[in-house]
file final-v6.txt (compact mmCIF, C-alpha atoms)
# COMPACT_ATOMS: atom_id res chain seq x y z
CA MET A 1 107.21 67.08 86.35
CA LYS A 2 104.61 68.75 84.22
CA ILE A 3 104.99 69.13 80.46
CA THR A 4 102.84 71.71 78.72
CA VAL A 5 102.89 71.64 74.92
CA LEU A 6 101.69 74.57 72.81
CA SER A 7 100.77 73.54 69.29
CA LEU A 8 98.50 74.42 66.40
CA PHE A 9 97.62 70.70 66.25
CA PRO A 10 97.51 69.36 69.83
CA GLU A 11 95.37 66.39 68.79
CA ILE A 12 98.39 64.95 66.97
CA LEU A 13 100.25 64.82 70.30
CA GLU A 14 97.56 63.16 72.41
CA GLY A 15 98.62 59.64 71.48
CA PHE A 16 102.19 60.31 72.58
CA PHE A 17 101.06 60.97 76.16
CA GLU A 18 98.35 58.29 76.17
CA SER A 19 100.51 55.42 74.94
CA SER A 20 103.56 53.45 75.93
CA ILE A 21 106.07 54.72 78.48
CA MET A 22 104.60 58.23 78.71
CA ALA A 23 101.19 56.83 79.64
CA LYS A 24 102.81 54.71 82.35
CA ALA A 25 104.58 57.77 83.77
CA VAL A 26 101.27 59.67 83.85
CA GLU A 27 99.45 56.72 85.46
CA ARG A 28 102.11 56.44 88.16
CA GLY A 29 101.96 60.16 88.90
CA LEU A 30 105.55 60.76 87.80
CA MET A 31 104.45 63.39 85.32
CA SER A 32 101.44 65.27 84.06
CA TYR A 33 100.81 67.06 80.81
CA GLU A 34 98.67 69.72 79.22
CA LEU A 35 98.12 70.26 75.51
CA VAL A 36 97.29 73.84 74.53
CA ASN A 37 95.88 74.83 71.15
CA ILE A 38 97.51 78.11 70.10
CA ARG A 39 94.52 78.81 67.81
CA ASP A 40 92.36 79.23 70.92
CA PHE A 41 94.25 82.49 71.53
CA ALA A 42 93.61 84.02 68.08
CA ILE A 43 90.98 86.72 68.23
CA ASP A 44 89.61 86.74 64.68
CA LYS A 45 86.74 84.53 63.53
CA HIS A 46 89.07 82.36 61.42
CA ARG A 47 91.49 81.79 64.34
CA LYS A 48 94.38 82.96 62.14
CA CYS A 49 97.86 82.23 63.51
CA ASP A 50 100.09 82.88 60.50
CA ASP A 51 101.23 85.86 58.46
CA GLU A 52 103.73 86.72 55.76
CA VAL A 53 107.35 87.29 56.72
CA PHE A 54 107.94 90.98 57.44
CA GLY A 55 110.16 92.47 54.73
CA GLY A 56 109.34 89.71 52.27
CA GLY A 57 110.76 86.27 51.84
CA ALA A 58 109.41 82.78 51.45
CA GLY A 59 106.96 81.10 53.77
CA MET A 60 104.81 82.23 56.65
CA LEU A 61 105.51 82.96 60.30
CA MET A 62 103.42 82.17 63.35
CA LEU A 63 101.85 85.42 64.55
CA PRO A 64 103.29 86.76 67.81
CA ALA A 65 99.99 87.76 69.44
CA PRO A 66 98.23 84.36 69.68
CA LEU A 67 101.45 82.61 70.69
CA SER A 68 102.25 85.27 73.31
CA ARG A 69 98.75 84.98 74.76
CA ALA A 70 99.07 81.17 74.85
CA LEU A 71 102.43 81.41 76.66
CA GLU A 72 101.06 83.91 79.16
CA SER A 73 98.03 81.66 79.79
CA VAL A 74 100.30 78.83 80.98
CA GLY A 75 102.39 81.09 83.19
CA VAL A 76 105.33 82.01 80.96
CA SER A 77 105.76 85.76 81.26
CA ALA A 78 107.73 88.21 79.17
CA ASP A 79 107.96 90.56 82.15
CA GLY A 80 110.12 88.57 84.48
CA PRO A 81 111.54 85.25 85.55
CA SER A 82 109.31 82.22 85.38
CA THR A 83 109.44 78.97 87.29
CA LYS A 84 108.67 77.26 83.99
CA ARG A 85 111.30 76.63 81.36
CA ALA A 86 110.07 77.56 77.88
CA ILE A 87 111.51 75.55 74.98
CA TYR A 88 110.99 76.28 71.29
CA VAL A 89 111.51 73.23 69.09
CA THR A 90 113.23 74.33 65.88
CA PRO A 91 115.73 72.80 63.42
CA SER A 92 118.07 75.75 64.08
CA GLY A 93 118.26 75.15 67.85
CA ARG A 94 120.89 73.35 69.93
CA LEU A 95 120.88 69.65 69.14
CA PHE A 96 119.01 67.67 71.79
CA ASN A 97 121.23 65.15 73.56
CA GLN A 98 121.37 63.04 76.72
CA ALA A 99 122.95 65.80 78.80
CA MET A 100 120.13 68.16 77.83
CA ALA A 101 117.56 65.47 78.68
CA ALA A 102 119.11 65.12 82.15
CA GLU A 103 119.10 68.90 82.59
CA PHE A 104 115.45 69.22 81.54
CA SER A 105 114.44 66.31 83.80
CA ARG A 106 115.36 68.42 86.84
CA GLU A 107 112.78 71.08 85.95
CA ALA A 108 109.42 71.19 87.71
CA GLU A 109 107.69 72.23 84.50
CA LEU A 110 108.61 72.45 80.84
CA VAL A 111 106.61 74.47 78.35
CA ILE A 112 107.31 73.26 74.82
CA VAL A 113 106.39 75.43 71.83
CA CYS A 114 105.97 73.44 68.62
CA GLY A 115 106.95 75.51 65.62
CA ARG A 116 105.04 75.68 62.40
CA TYR A 117 105.43 77.33 59.00
CA GLU A 118 108.88 78.93 58.61
CA GLY A 119 109.02 79.52 62.36
CA VAL A 120 107.77 81.98 64.93
CA ASP A 121 108.19 85.72 65.16
CA GLN A 122 111.64 86.49 66.66
CA ARG A 123 110.08 88.85 69.21
CA VAL A 124 108.35 85.90 70.88
CA ILE A 125 111.64 83.98 71.04
CA ASP A 126 113.46 86.98 72.50
CA ARG A 127 110.81 87.71 75.15
CA TYR A 128 109.54 84.27 76.21
CA ILE A 129 111.83 81.42 75.16
CA ASP A 130 114.61 80.05 77.39
CA ASP A 131 115.98 77.41 74.99
CA GLU A 132 115.83 76.70 71.27
CA VAL A 133 116.19 72.95 70.78
CA SER A 134 116.53 70.79 67.68
CA ILE A 135 115.82 67.07 67.52
CA GLY A 136 117.77 66.86 64.27
CA ASP A 137 118.47 68.53 60.97
CA TYR A 138 115.09 67.80 59.39
CA VAL A 139 111.48 68.96 59.52
CA LEU A 140 108.68 66.57 60.45
CA SER A 141 105.19 66.71 59.04
CA SER A 142 102.90 68.96 61.11
CA GLU A 143 105.14 69.46 64.16
CA ARG A 144 108.81 70.36 64.37

call {"tool": "encode", "arguments": {"input": "final-v6.txt", "output": "C-alpha cells"}}
result
Amino acid sequence: MKITVLSLFPEILEGFFESSIMAKAVERGLMSYELVNIRDFAIDKHRKCDDEVFGGGAGMLMLPAPLSRALESVGVSADGPSTKRAIYVTPSGRLFNQAMAAEFSREAELVIVCGRYEGVDQRVIDRYIDDEVSIGDYVLSSER
C-alpha cells in the first residue's frame, strides 16, 4: 500500500512515517509513503493557499486551485474514476473506526488531504474526494 498525504505542513508528518510501527512497515516493504506540500502548487510569490469564505463568515478556507493541482499531481482526477482513494480528514466526516480501517487497508493507494483553516472549498470535495473521515469531534493543532 502507498499512502500519499497532502498537507500545508508535511514536515510535521515526517516523524510519523519514520518512527515506530510505520517505519517498520516501510522498512519491510509493506507500505510506502509520499508527503506533498500543497503550497508547492500555489502560483503566487507568497505561495498563498487560503482565502476568505465566499459570502462572508468566520475563518478562512483553503483555496481550491492549489489543492486541485496537488491532487491532480498525485493522480487523483476530477474527470473520471481513479485507482486511488482520496480521503479528506475533517471533524464533520464519518467517524473513523475499525471497519473503515479494514476497508482502507484493501486499497492499493490512499491519498489523504489534511484540512486547515475552516476547511477546504466544497468544490474540491465534490470533484475529488471519495470519503470525508473524522478521527473525533475535536481539532488538532496544525493538522486535522

call {"tool": "residues_around", "arguments": {"input": "final-v6.txt", "residues": "range 109-112 of chain A", "least_positions_apart": "5", "cutoff": "6 Å", "atoms": "all atoms listed in the file", "output": "number ranges by chain"}}
result
A: 1-5, 84-88

call {"tool": "closest_residue", "arguments": {"input": "final-v6.txt", "among": "A:Arg127, A:Asp137, A:Leu63, A:Ser92", "to": "Asp79 in chain A", "atoms": "all atoms listed in the file"}}
result
A:Arg127

call {"tool": "atom_distance", "arguments": {"input": "final-v6.txt", "atom1": "CA of Ile135 in chain A", "atom2": "CA of Ser73 in chain A"}}
result
26.1 Å

call {"tool": "closest_residue", "arguments": {"input": "final-v6.txt", "among": "A:Phe96, A:Phe104, A:Phe41, A:Tyr128", "to": "Ser82 in chain A", "atoms": "all atoms listed in the file"}}
result
A:Tyr128

call {"tool": "atom_distance", "arguments": {"input": "final-v6.txt", "atom1": "CA of Val113 in chain A", "atom2": "CA of Ser68 in chain A"}}
result
10.8 Å

call {"tool": "atom_distance", "arguments": {"input": "final-v6.txt", "atom1": "CA of Ile12 in chain A", "atom2": "CA of Tyr138 in chain A"}}
result
18.6 Å

call {"tool": "residues_around", "arguments": {"input": "final-v6.txt", "residues": "Val124 in chain A", "least_positions_apart": "6", "cutoff": "9 Å", "atoms": "all atoms listed in the file", "output": "PyMOL selection string"}}
result
chain A and resi 64-65+67-68+78

call {"tool": "residues_near_point", "arguments": {"input": "final-v6.txt", "point": "(97.1, 76.0, 67.1)", "cutoff": "7 Å", "atoms": "all atoms listed in the file", "output": "count of residues only"}}
result
7

call {"tool": "closest_residue", "arguments": {"input": "final-v6.txt", "among": "A:Asp44, A:Asp121, A:Glu72, A:Glu132", "to": "Thr90 in chain A", "atoms": "only C-alpha atoms"}}
result
A:Glu132

call {"tool": "closest_residue", "arguments": {"input": "final-v6.txt", "among": "A:Asp131, A:Gly15, A:Leu30, A:Arg47", "to": "Val89 in chain A", "atoms": "only C-alpha atoms"}}
result
A:Asp131

call {"tool": "closest_residue", "arguments": {"input": "final-v6.txt", "among": "A:Ile129, A:Met22, A:Leu35, A:Glu11", "to": "Gly93 in chain A", "atoms": "all atoms listed in the file"}}
result
A:Ile129

call {"tool": "axis_aligned_box", "arguments": {"input": "final-v6.txt", "around": "range 119-126 of chain A", "padding_each_side": "6 Å", "output": "lines of an AutoDock Vina configuration file"}}
result
center_x = 110.6
center_y = 84.2
center_z = 67.4
size_x = 17.7
size_y = 21.3
size_z = 22.1

call {"tool": "closest_residue", "arguments": {"input": "final-v6.txt", "among": "A:Gly136, A:Leu95, A:Ile125, A:Ala108", "to": "Met31 in chain A", "atoms": "only C-alpha atoms"}}
result
A:Ala108
